[in-house]
Amino acid sequence: GLVNTKELFKKAVDGGYAIPAYNFNNMEQMQAILQACVETKSPVILQVSSGARNYANATLLRNMAKGAVEYVKELGCEIPIVLHLDHGDTFELCKDCIDNGFSSVMIDGSHHSYEENVALTKKVVEYAHAHGVTVEGELGVLAGVEDDVVAEHSTYTKPEEVEDFVKKTGVDSLAISIGTSHGANKFTPAQCTVNEDGVLIPPMLRFDILEEIEKRIPGFPIVLHGSSSVPQEYVKMINELGGKMKDAVGIPEEWLRRAAKSAVCKINIDSDGRLAMTAAVRKVLTEKPGEFDPRKYLGPAREELKKLYMHKNIEVLGSANQA
Ligand code: G3H
Ligand code: 13P
Ligand code: NA
Ligand code: ZN
């Protein structure tokens with residue numbers, strides 16, 4: 001069956017790697033994630049946002065995730081699978097997911113006051129733990145769009161709050177803000193420097209804050225949201241094939257590799273998958289303008305997505321061969 005994050009995070013923190021948390025909204029994304037994780041023998045966290053629930057229907061999504069457990073057996077490797085609510089914003093939403101088979105939920109109270117965040121998170125933890133479900137909380141606000149809340153600048157996590165928050169709420173993991181943000185436009189080229197290979201290098205993540213957090217809650221599982229790298233090959237492909245994506249810059253993979261070796265044990269990636277699929281769909285529709293069978297463009301999109309996730313597991317997160 002589906003598993004919660006408890007054992008997986010313990011092993012990941014001790015082993016110096018991170019578990020991939022990939023978002024899915026449809027069948028092709030789910031297949032690509034599972035095929036990639038089976039082929040690389042990686043544990044996986046399947047993430048569902050409230051946007052995904054609205055798009056695909058909560059009942060269908062949850063039954064797809066239950067089917068995932070059987071599907072990986074058919075593929076030949078019973079990797080651990082977590083079904084996780086991404087950015088839950090109310091107790092009721094978290095409860096609904098817990099009551100309907102999710103093995104893990106995030107309660108994102110980071111845009112509330114500290115006291116309200118503690119109270120809300122604690123309430124979710126009490127209900128979740130009574131049902132064997134693990135909980136991710138968040139301290140600090142990421143810049144960019146975080147659900148419906150748009151924060152213009154990051155509010156970095158305050159290391160002096162983490163110990164109290166973890167103790168008072170009983171959360172199983174903590175998402176932090178150290179300079180990552182959601183979406184494909186994390187930084188503008190103007191904010192970046194250009195290295196000798198002509199690659200845009202964004203302002204450094206606040207690894208000093210991460211280190212301070214690790215000192216205060218040693219070995220406690222940390223989560224990094226907004227961790228897409230925004231591969232420039234995909235941006236270029238999309239733009240050459242009629243797209244218009246301006247100033248898309250992400251987190252260098254080298255920095256994610258560094259994070260994965262630390263107490264960061266869950267790395268959230270959604271936007272890179274969207275870019276891979278969009279580039280692949282545009283390619284098919286451009287090269288074969290007479291094509292009208294969705295399988296003929298969603299199939300290649302699924303292949304590209306699988307390739308991307310295998311690369312992440314093997315080269316970036318270090319989760320390959322940890323299932
Ligand atoms: O954090 C946001 C995730 O990338 C999910 O995005 O809310 O558009 O489904 P979404
Ligand atoms: P990206 O937009 O960088 O892929 O981040 C996804 C995320 O944090 C989902 O919770
Ligand atoms: Na780690
Ligand atoms: Zn997120």
# chains A, B, ... in the order shown; residues from 1 in each chain; ligands from 1
$ residues_near_ligand --ligand "ligand 3" --cutoff "12 Å" --atoms "only C-alpha atoms and all ligand atoms" --output "MDAnalysis selection string"
chainID A and resid 8:20 210 214 219:224 256:267 316:319
$ closest_atom_pairs --of "chain A" --to "ligand 4" --cutoff "10 Å" --atoms "only C-alpha atoms and all ligand atoms" --output "CSV"
residue,atom,partner,partner_atom_place_in_ligand_line,distance
A:Ala21,CA,ligand 4,1 (Zn),9.8
A:Asn23,CA,ligand 4,1 (Zn),9.6
A:Gln47,CA,ligand 4,1 (Zn),9.8
A:Ser49,CA,ligand 4,1 (Zn),8.9
A:Asp86,CA,ligand 4,1 (Zn),6.7
A:His87,CA,ligand 4,1 (Zn),6.4
A:Met106,CA,ligand 4,1 (Zn),9.6
A:Asp108,CA,ligand 4,1 (Zn),9.2
A:Glu138,CA,ligand 4,1 (Zn),9.9
A:Leu142,CA,ligand 4,1 (Zn),8.5
A:Val145,CA,ligand 4,1 (Zn),9.2
A:Glu146,CA,ligand 4,1 (Zn),6.8
A:Asp147,CA,ligand 4,1 (Zn),8.3
A:Ala175,CA,ligand 4,1 (Zn),8.7
A:Thr180,CA,ligand 4,1 (Zn),9.7
A:Ser181,CA,ligand 4,1 (Zn),7.9
A:His182,CA,ligand 4,1 (Zn),6.3
A:Gly183,CA,ligand 4,1 (Zn),9.2
A:Val223,CA,ligand 4,1 (Zn),9.4
A:Leu224,CA,ligand 4,1 (Zn),8.0
A:His225,CA,ligand 4,1 (Zn),4.4
A:Gly226,CA,ligand 4,1 (Zn),5.6
A:Ser227,CA,ligand 4,1 (Zn),8.5
A:Ile267,CA,ligand 4,1 (Zn),9.4
A:Asn268,CA,ligand 4,1 (Zn),6.5
A:Ile269,CA,ligand 4,1 (Zn),8.2
A:Asp270,CA,ligand 4,1 (Zn),8.5
$ select_by_dssp --residues "region 181-308 of chain A" --states "strand (DSSP E or B)" --output "ChimeraX atom specification"
/A:181,193-194,200-201,222-224,264-269
$ write_last_selection --atoms "all heavy atoms" --output "mmCIF file, in the first residue's frame"
data_model
loop_
_atom_site.group_PDB
_atom_site.id
_atom_site.type_symbol
_atom_site.label_atom_id
_atom_site.label_comp_id
_atom_site.auth_asym_id
_atom_site.auth_seq_id
_atom_site.Cartn_x
_atom_site.Cartn_y
_atom_site.Cartn_z
ATOM 1 N N SER A 181 11.656 29.693 -5.100
ATOM 2 C CA SER A 181 10.279 30.179 -5.275
ATOM 3 C C SER A 181 9.593 29.306 -6.302
ATOM 4 O O SER A 181 10.245 28.549 -7.017
ATOM 5 C CB SER A 181 10.284 31.637 -5.733
ATOM 6 O OG SER A 181 10.996 31.769 -6.946
ATOM 7 N N THR A 193 24.286 36.541 -12.502
ATOM 8 C CA THR A 193 25.564 36.793 -13.143
ATOM 9 C C THR A 193 25.723 35.734 -14.237
ATOM 10 O O THR A 193 25.018 34.729 -14.230
ATOM 11 C CB THR A 193 26.730 36.669 -12.142
ATOM 12 O OG1 THR A 193 26.662 35.379 -11.531
ATOM 13 C CG2 THR A 193 26.629 37.737 -11.056
ATOM 14 N N VAL A 194 26.631 35.978 -15.190
ATOM 15 C CA VAL A 194 26.851 35.016 -16.271
ATOM 16 C C VAL A 194 28.205 34.350 -16.053
ATOM 17 O O VAL A 194 29.207 35.043 -15.873
ATOM 18 C CB VAL A 194 26.826 35.726 -17.652
ATOM 19 C CG1 VAL A 194 26.944 34.701 -18.778
ATOM 20 C CG2 VAL A 194 25.549 36.544 -17.807
ATOM 21 N N LEU A 200 23.426 31.538 -16.892
ATOM 22 C CA LEU A 200 22.967 32.508 -15.895
ATOM 23 C C LEU A 200 23.017 31.891 -14.490
ATOM 24 O O LEU A 200 22.435 30.837 -14.255
ATOM 25 C CB LEU A 200 21.525 32.937 -16.193
ATOM 26 C CG LEU A 200 21.307 33.824 -17.425
ATOM 27 C CD1 LEU A 200 19.814 33.958 -17.710
ATOM 28 C CD2 LEU A 200 21.951 35.192 -17.246
ATOM 29 N N ILE A 201 23.705 32.534 -13.577
ATOM 30 C CA ILE A 201 23.793 32.050 -12.197
ATOM 31 C C ILE A 201 23.016 33.008 -11.279
ATOM 32 O O ILE A 201 23.376 34.174 -11.138
ATOM 33 C CB ILE A 201 25.270 31.968 -11.717
ATOM 34 C CG1 ILE A 201 26.121 31.159 -12.711
ATOM 35 C CG2 ILE A 201 25.327 31.364 -10.310
ATOM 36 C CD1 ILE A 201 25.748 29.704 -12.871
ATOM 37 N N ILE A 222 13.912 18.240 6.513
ATOM 38 C CA ILE A 222 13.643 19.555 5.921
ATOM 39 C C ILE A 222 13.164 19.378 4.473
ATOM 40 O O ILE A 222 13.630 18.486 3.768
ATOM 41 C CB ILE A 222 14.925 20.425 5.940
ATOM 42 C CG1 ILE A 222 15.452 20.600 7.380
ATOM 43 C CG2 ILE A 222 14.696 21.782 5.275
ATOM 44 C CD1 ILE A 222 14.518 21.316 8.330
ATOM 45 N N VAL A 223 12.241 20.233 4.050
ATOM 46 C CA VAL A 223 11.665 20.152 2.703
ATOM 47 C C VAL A 223 11.985 21.432 1.930
ATOM 48 O O VAL A 223 11.899 22.530 2.475
ATOM 49 C CB VAL A 223 10.131 19.977 2.789
ATOM 50 C CG1 VAL A 223 9.505 19.953 1.396
ATOM 51 C CG2 VAL A 223 9.782 18.713 3.566
ATOM 52 N N LEU A 224 12.355 21.237 0.659
ATOM 53 C CA LEU A 224 12.639 22.388 -0.200
ATOM 54 C C LEU A 224 11.610 22.465 -1.332
ATOM 55 O O LEU A 224 11.566 21.600 -2.197
ATOM 56 C CB LEU A 224 14.057 22.243 -0.771
ATOM 57 C CG LEU A 224 14.821 23.525 -1.087
ATOM 58 C CD1 LEU A 224 14.866 24.469 0.109
ATOM 59 C CD2 LEU A 224 16.223 23.200 -1.558
ATOM 60 N N VAL A 264 17.891 18.251 4.105
ATOM 61 C CA VAL A 264 16.804 18.346 3.123
ATOM 62 C C VAL A 264 16.546 16.942 2.579
ATOM 63 O O VAL A 264 17.440 16.321 2.005
ATOM 64 C CB VAL A 264 17.160 19.320 1.970
ATOM 65 C CG1 VAL A 264 16.139 19.212 0.845
ATOM 66 C CG2 VAL A 264 17.246 20.754 2.493
ATOM 67 N N CYS A 265 15.340 16.439 2.800
ATOM 68 C CA CYS A 265 15.069 15.045 2.419
ATOM 69 C C CYS A 265 13.863 14.933 1.492
ATOM 70 O O CYS A 265 13.455 13.842 1.123
ATOM 71 C CB CYS A 265 14.860 14.203 3.660
ATOM 72 S SG CYS A 265 13.455 14.747 4.591
ATOM 73 N N LYS A 266 13.273 16.082 1.111
ATOM 74 C CA LYS A 266 12.172 16.087 0.133
ATOM 75 C C LYS A 266 12.365 17.320 -0.731
ATOM 76 O O LYS A 266 12.480 18.431 -0.201
ATOM 77 C CB LYS A 266 10.824 16.131 0.852
ATOM 78 C CG LYS A 266 9.590 16.332 -0.041
ATOM 79 C CD LYS A 266 8.296 16.261 0.789
ATOM 80 C CE LYS A 266 7.021 16.442 -0.014
ATOM 81 N NZ LYS A 266 6.618 17.857 -0.157
ATOM 82 N N ILE A 267 12.439 17.113 -2.036
ATOM 83 C CA ILE A 267 12.647 18.225 -2.963
ATOM 84 C C ILE A 267 11.476 18.253 -3.949
ATOM 85 O O ILE A 267 11.201 17.264 -4.628
ATOM 86 C CB ILE A 267 14.031 18.114 -3.660
ATOM 87 C CG1 ILE A 267 15.139 18.355 -2.610
ATOM 88 C CG2 ILE A 267 14.145 19.085 -4.828
ATOM 89 C CD1 ILE A 267 16.556 18.525 -3.147
ATOM 90 N N ASN A 268 10.769 19.384 -3.987
ATOM 91 C CA ASN A 268 9.544 19.511 -4.787
ATOM 92 C C ASN A 268 9.841 20.041 -6.182
ATOM 93 O O ASN A 268 10.426 21.119 -6.330
ATOM 94 C CB ASN A 268 8.584 20.508 -4.114
ATOM 95 C CG ASN A 268 7.948 19.954 -2.859
ATOM 96 O OD1 ASN A 268 8.336 18.913 -2.366
ATOM 97 N ND2 ASN A 268 6.961 20.668 -2.351
ATOM 98 N N ILE A 269 9.401 19.287 -7.181
ATOM 99 C CA ILE A 269 9.627 19.691 -8.572
ATOM 100 C C ILE A 269 8.332 19.529 -9.372
ATOM 101 O O ILE A 269 7.776 18.438 -9.449
ATOM 102 C CB ILE A 269 10.761 18.844 -9.206
ATOM 103 C CG1 ILE A 269 12.082 19.107 -8.451
ATOM 104 C CG2 ILE A 269 10.908 19.164 -10.692
ATOM 105 C CD1 ILE A 269 13.219 18.175 -8.837
#
$ closest_residue --among "A:Lys66, A:Lys312, A:Lys307, A:His84" --to "ligand 1" --atoms "only C-alpha atoms and all ligand atoms"
A:His84
$ closest_residue --among "A:Ala184, A:Val3, A:Met204, A:Leu120" --to "ligand 1" --atoms "only C-alpha atoms and all ligand atoms"
A:Ala184
$ residues_around --residues "Pro294 (chain A)" --least-positions-apart "6" --cutoff "12 Å" --atoms "only C-alpha atoms" --output "list in words"
Glu28, Val281, Val284, Leu285, Pro300, Ala301 and Arg302 of chain A
$ write_last_selection --atoms "C-alpha atoms" --output "mmCIF file, in the first residue's frame"
data_model
loop_
_atom_site.group_PDB
_atom_site.id
_atom_site.type_symbol
_atom_site.label_atom_id
_atom_site.label_comp_id
_atom_site.auth_asym_id
_atom_site.auth_seq_id
_atom_site.Cartn_x
_atom_site.Cartn_y
_atom_site.Cartn_z
ATOM 1 C CA GLU A 28 0.573 10.625 -18.412
ATOM 2 C CA VAL A 281 4.059 18.604 -27.376
ATOM 3 C CA VAL A 284 5.230 16.992 -32.346
ATOM 4 C CA LEU A 285 2.579 19.528 -33.308
ATOM 5 C CA PRO A 300 6.222 11.719 -26.509
ATOM 6 C CA ALA A 301 5.497 14.236 -23.710
ATOM 7 C CA ARG A 302 5.335 11.327 -21.261
#
$ closest_residue --among "A:Val48, A:Met277, A:Ala130, A:Val162" --to "Ile217 (chain A)" --atoms "only C-alpha atoms"
A:Val162
$ atom_distance --atom1 "CA of Gly137 (chain A)" --atom2 "CA of Val105 (chain A)"
8.9 Å
$ atom_distance --atom1 "CA of Cys192 (chain A)" --atom2 "CA of Met245 (chain A)"
17.3 Å
$ atom_distance --atom1 "CA of Asp99 (chain A)" --atom2 "CA of Arg62 (chain A)"
11.2 Å
$ residues_around --residues "Val199 (chain A)" --least-positions-apart "4" --cutoff "12 Å" --atoms "only C-alpha atoms" --output "PyMOL selection string"
chain A and resi 189+192-195+231-233+249-252
$ write_last_selection --atoms "N, CA, C and O atoms" --output "short mmCIF file (atom, residue, chain, number, x, y, z; two decimals), in the first residue's frame"
data_model
loop_
_atom_site.label_atom_id
_atom_site.label_comp_id
_atom_site.auth_asym_id
_atom_site.auth_seq_id
_atom_site.Cartn_x
_atom_site.Cartn_y
_atom_site.Cartn_z
N PRO A 189 16.97 37.58 -15.44
CA PRO A 189 18.37 37.58 -15.85
C PRO A 189 19.14 38.74 -15.22
O PRO A 189 20.33 38.61 -14.93
N CYS A 192 20.91 37.90 -12.15
CA CYS A 192 21.90 36.83 -12.25
C CYS A 192 23.24 37.35 -12.73
O CYS A 192 23.34 38.43 -13.30
N THR A 193 24.29 36.54 -12.50
CA THR A 193 25.56 36.79 -13.14
C THR A 193 25.72 35.73 -14.24
O THR A 193 25.02 34.73 -14.23
N VAL A 194 26.63 35.98 -15.19
CA VAL A 194 26.85 35.02 -16.27
C VAL A 194 28.20 34.35 -16.05
O VAL A 194 29.21 35.04 -15.87
N ASN A 195 28.24 33.01 -16.05
CA ASN A 195 29.53 32.34 -15.83
C ASN A 195 30.28 32.18 -17.16
O ASN A 195 29.81 32.62 -18.21
N PRO A 231 15.37 23.96 -17.04
CA PRO A 231 16.38 23.64 -18.06
C PRO A 231 16.25 24.56 -19.28
O PRO A 231 15.18 24.66 -19.88
N GLN A 232 17.36 25.23 -19.62
CA GLN A 232 17.30 26.21 -20.71
C GLN A 232 17.05 25.55 -22.06
O GLN A 232 16.54 26.19 -22.98
N GLU A 233 17.39 24.23 -22.19
CA GLU A 233 17.10 23.54 -23.47
C GLU A 233 15.59 23.55 -23.74
O GLU A 233 15.15 23.76 -24.87
N VAL A 249 14.31 31.52 -15.32
CA VAL A 249 15.55 31.07 -14.68
C VAL A 249 15.21 30.30 -13.39
O VAL A 249 14.37 30.75 -12.62
N GLY A 250 15.88 29.15 -13.20
CA GLY A 250 15.59 28.32 -12.03
C GLY A 250 16.79 28.11 -11.12
O GLY A 250 17.77 28.86 -11.17
N ILE A 251 16.71 27.07 -10.30
CA ILE A 251 17.75 26.77 -9.30
C ILE A 251 18.79 25.83 -9.93
O ILE A 251 18.44 24.73 -10.35
N PRO A 252 20.07 26.23 -9.96
CA PRO A 252 21.09 25.35 -10.54
C PRO A 252 21.09 23.97 -9.85
O PRO A 252 20.96 23.89 -8.63
#
$ residues_around --residues "Pro80 (chain A)" --least-positions-apart "5" --cutoff "7 Å" --atoms "only C-alpha atoms" --output "MDAnalysis selection string"
chainID A and resid 3 43:44 323
$ closest_residue --among "A:Thr134, A:Asn4, A:Asn100, A:Ser228" --to "ligand 1" --atoms "only C-alpha atoms and all ligand atoms"
A:Ser228
$ residues_around --residues "Ala128 (chain A)" --least-positions-apart "2" --cutoff "12 Å" --atoms "only C-alpha atoms" --output "PyMOL selection string"
chain A and resi 4+91-107+121-126+130-136+169-172
$ write_last_selection --atoms "N, CA, C and O atoms" --output "compact mmCIF listing (two decimals), in the first residue's frame"
# COMPACT_ATOMS: atom_id res chain seq x y z
N ASN A 4 3.52 6.33 4.61
CA ASN A 4 3.74 7.72 5.01
C ASN A 4 5.24 8.03 4.91
O ASN A 4 6.03 7.19 4.47
N PHE A 91 -7.66 23.11 7.61
CA PHE A 91 -7.81 21.84 8.32
C PHE A 91 -8.76 20.94 7.55
O PHE A 91 -8.50 19.74 7.41
N GLU A 92 -9.85 21.51 7.03
CA GLU A 92 -10.89 20.72 6.35
C GLU A 92 -10.32 20.00 5.12
O GLU A 92 -10.63 18.83 4.88
N LEU A 93 -9.49 20.70 4.34
CA LEU A 93 -8.89 20.07 3.15
C LEU A 93 -7.97 18.92 3.58
O LEU A 93 -8.01 17.83 3.00
N CYS A 94 -7.15 19.18 4.60
CA CYS A 94 -6.24 18.12 5.08
C CYS A 94 -7.05 16.93 5.59
O CYS A 94 -6.73 15.77 5.28
N LYS A 95 -8.10 17.20 6.34
CA LYS A 95 -8.94 16.13 6.89
C LYS A 95 -9.56 15.31 5.77
O LYS A 95 -9.57 14.08 5.80
N ASP A 96 -10.06 15.98 4.75
CA ASP A 96 -10.67 15.29 3.62
C ASP A 96 -9.66 14.34 2.96
O ASP A 96 -10.00 13.21 2.61
N CYS A 97 -8.42 14.80 2.81
CA CYS A 97 -7.39 13.95 2.21
C CYS A 97 -7.05 12.79 3.13
O CYS A 97 -6.89 11.64 2.67
N ILE A 98 -6.91 13.08 4.43
CA ILE A 98 -6.59 12.02 5.40
C ILE A 98 -7.70 10.96 5.41
O ILE A 98 -7.44 9.75 5.42
N ASP A 99 -8.95 11.43 5.36
CA ASP A 99 -10.10 10.50 5.37
C ASP A 99 -10.20 9.70 4.08
O ASP A 99 -10.92 8.70 4.02
N ASN A 100 -9.49 10.15 3.05
CA ASN A 100 -9.64 9.50 1.74
C ASN A 100 -8.35 8.89 1.20
O ASN A 100 -8.11 8.88 0.00
N GLY A 101 -7.53 8.41 2.12
CA GLY A 101 -6.42 7.56 1.69
C GLY A 101 -5.07 8.22 1.46
O GLY A 101 -4.12 7.53 1.09
N PHE A 102 -4.95 9.54 1.64
CA PHE A 102 -3.61 10.15 1.54
C PHE A 102 -2.76 9.64 2.70
O PHE A 102 -3.27 9.43 3.80
N SER A 103 -1.47 9.46 2.45
CA SER A 103 -0.60 8.98 3.52
C SER A 103 0.22 10.11 4.12
O SER A 103 0.94 9.92 5.10
N SER A 104 0.11 11.31 3.53
CA SER A 104 0.88 12.45 3.99
C SER A 104 0.17 13.73 3.55
O SER A 104 -0.43 13.76 2.47
N VAL A 105 0.22 14.76 4.39
CA VAL A 105 -0.38 16.05 3.99
C VAL A 105 0.56 17.19 4.37
O VAL A 105 1.31 17.09 5.33
N MET A 106 0.46 18.26 3.59
CA MET A 106 1.14 19.50 3.99
C MET A 106 0.08 20.47 4.47
O MET A 106 -0.93 20.66 3.80
N ILE A 107 0.31 21.07 5.63
CA ILE A 107 -0.52 22.20 6.02
C ILE A 107 0.40 23.43 5.94
O ILE A 107 1.39 23.52 6.67
N THR A 121 -1.39 24.10 12.41
CA THR A 121 -0.54 22.95 12.12
C THR A 121 -0.73 21.86 13.18
O THR A 121 -0.85 20.67 12.86
N LYS A 122 -0.81 22.29 14.45
CA LYS A 122 -0.99 21.35 15.57
C LYS A 122 -2.31 20.58 15.42
O LYS A 122 -2.37 19.37 15.63
N LYS A 123 -3.34 21.31 15.01
CA LYS A 123 -4.67 20.68 14.84
C LYS A 123 -4.62 19.61 13.74
O LYS A 123 -5.16 18.51 13.91
N VAL A 124 -3.94 19.92 12.64
CA VAL A 124 -3.81 18.94 11.55
C VAL A 124 -2.98 17.74 12.00
O VAL A 124 -3.33 16.59 11.73
N VAL A 125 -1.89 18.02 12.73
CA VAL A 125 -1.01 16.94 13.19
C VAL A 125 -1.78 15.97 14.09
O VAL A 125 -1.67 14.75 13.94
N GLU A 126 -2.58 16.51 15.01
CA GLU A 126 -3.33 15.63 15.93
C GLU A 126 -4.26 14.70 15.16
O GLU A 126 -4.31 13.50 15.42
N ALA A 130 -3.40 10.49 14.41
CA ALA A 130 -4.39 9.51 14.87
C ALA A 130 -4.77 8.56 13.74
O ALA A 130 -5.35 7.50 13.97
N HIS A 131 -4.45 8.96 12.49
CA HIS A 131 -4.78 8.12 11.33
C HIS A 131 -3.53 7.59 10.61
O HIS A 131 -3.62 7.15 9.45
N GLY A 132 -2.38 7.69 11.25
CA GLY A 132 -1.15 7.15 10.65
C GLY A 132 -0.61 7.97 9.49
O GLY A 132 0.18 7.47 8.67
N VAL A 133 -1.03 9.23 9.42
CA VAL A 133 -0.62 10.09 8.31
C VAL A 133 0.41 11.12 8.81
O VAL A 133 0.26 11.66 9.91
N THR A 134 1.47 11.34 8.03
CA THR A 134 2.51 12.29 8.42
C THR A 134 2.19 13.69 7.89
O THR A 134 1.45 13.84 6.91
N VAL A 135 2.78 14.70 8.54
CA VAL A 135 2.44 16.10 8.22
C VAL A 135 3.70 16.94 7.98
O VAL A 135 4.66 16.87 8.74
N GLU A 136 3.62 17.74 6.91
CA GLU A 136 4.67 18.72 6.60
C GLU A 136 4.13 20.11 6.93
O GLU A 136 3.03 20.46 6.52
N THR A 169 4.09 21.84 17.50
CA THR A 169 3.15 21.29 16.52
C THR A 169 3.23 19.78 16.37
O THR A 169 2.25 19.13 16.02
N GLY A 170 4.43 19.21 16.59
CA GLY A 170 4.62 17.78 16.38
C GLY A 170 4.72 17.39 14.91
O GLY A 170 4.57 16.21 14.57
N VAL A 171 5.00 18.36 14.04
CA VAL A 171 5.12 18.03 12.59
C VAL A 171 6.23 17.02 12.34
O VAL A 171 7.19 16.91 13.12
N ASP A 172 6.12 16.32 11.21
CA ASP A 172 7.10 15.30 10.83
C ASP A 172 8.19 15.86 9.93
O ASP A 172 9.26 15.26 9.79
$ select_by_dssp --residues "region 31-223 of chain A" --states "alpha helix (DSSP H)" --output "ChimeraX atom specification"
/A:31-39,50-56,58-75,91-99,114-130,159-169,207-216
$ closest_residue --among "A:Gly179, A:Val82, A:Lys168, A:Ala58" --to "Gly1 (chain A)" --atoms "only C-alpha atoms"
A:Val82
$ closest_residue --among "A:Leu85, A:Phe165, A:Gln322, A:Ala119" --to "ligand 2" --atoms "only C-alpha atoms and all ligand atoms"
A:Leu85
$ residues_around --residues "Met27 (chain A)" --least-positions-apart "5" --cutoff "9 Å" --atoms "only C-alpha atoms" --output "ChimeraX atom specification"
/A:32,61,64
$ write_last_selection --atoms "all heavy atoms" --output "PDB file, in the first residue's frame"
ATOM      1  N   ALA A  32       4.673   8.641 -16.117  1.00  0.00           N
ATOM      2  CA  ALA A  32       6.079   9.041 -16.280  1.00  0.00           C
ATOM      3  C   ALA A  32       6.810   8.999 -14.940  1.00  0.00           C
ATOM      4  O   ALA A  32       7.935   8.500 -14.844  1.00  0.00           O
ATOM      5  CB  ALA A  32       6.158  10.451 -16.882  1.00  0.00           C
ATOM      6  N   LEU A  61      -8.212  11.207  -8.822  1.00  0.00           N
ATOM      7  CA  LEU A  61      -6.782  11.301  -8.497  1.00  0.00           C
ATOM      8  C   LEU A  61      -6.392  10.280  -7.434  1.00  0.00           C
ATOM      9  O   LEU A  61      -5.379   9.593  -7.552  1.00  0.00           O
ATOM     10  CB  LEU A  61      -6.438  12.707  -7.981  1.00  0.00           C
ATOM     11  CG  LEU A  61      -6.290  13.789  -9.030  1.00  0.00           C
ATOM     12  CD1 LEU A  61      -5.908  15.101  -8.356  1.00  0.00           C
ATOM     13  CD2 LEU A  61      -5.235  13.423 -10.075  1.00  0.00           C
ATOM     14  N   MET A  64      -6.331   6.844  -8.802  1.00  0.00           N
ATOM     15  CA  MET A  64      -5.141   6.658  -9.639  1.00  0.00           C
ATOM     16  C   MET A  64      -3.939   6.326  -8.761  1.00  0.00           C
ATOM     17  O   MET A  64      -3.132   5.457  -9.096  1.00  0.00           O
ATOM     18  CB  MET A  64      -4.840   7.934 -10.434  1.00  0.00           C
ATOM     19  CG  MET A  64      -5.683   8.079 -11.690  1.00  0.00           C
ATOM     20  SD  MET A  64      -5.488   9.730 -12.381  1.00  0.00           S
ATOM     21  CE  MET A  64      -3.836   9.599 -13.046  1.00  0.00           C
TER      22      MET A  64
END
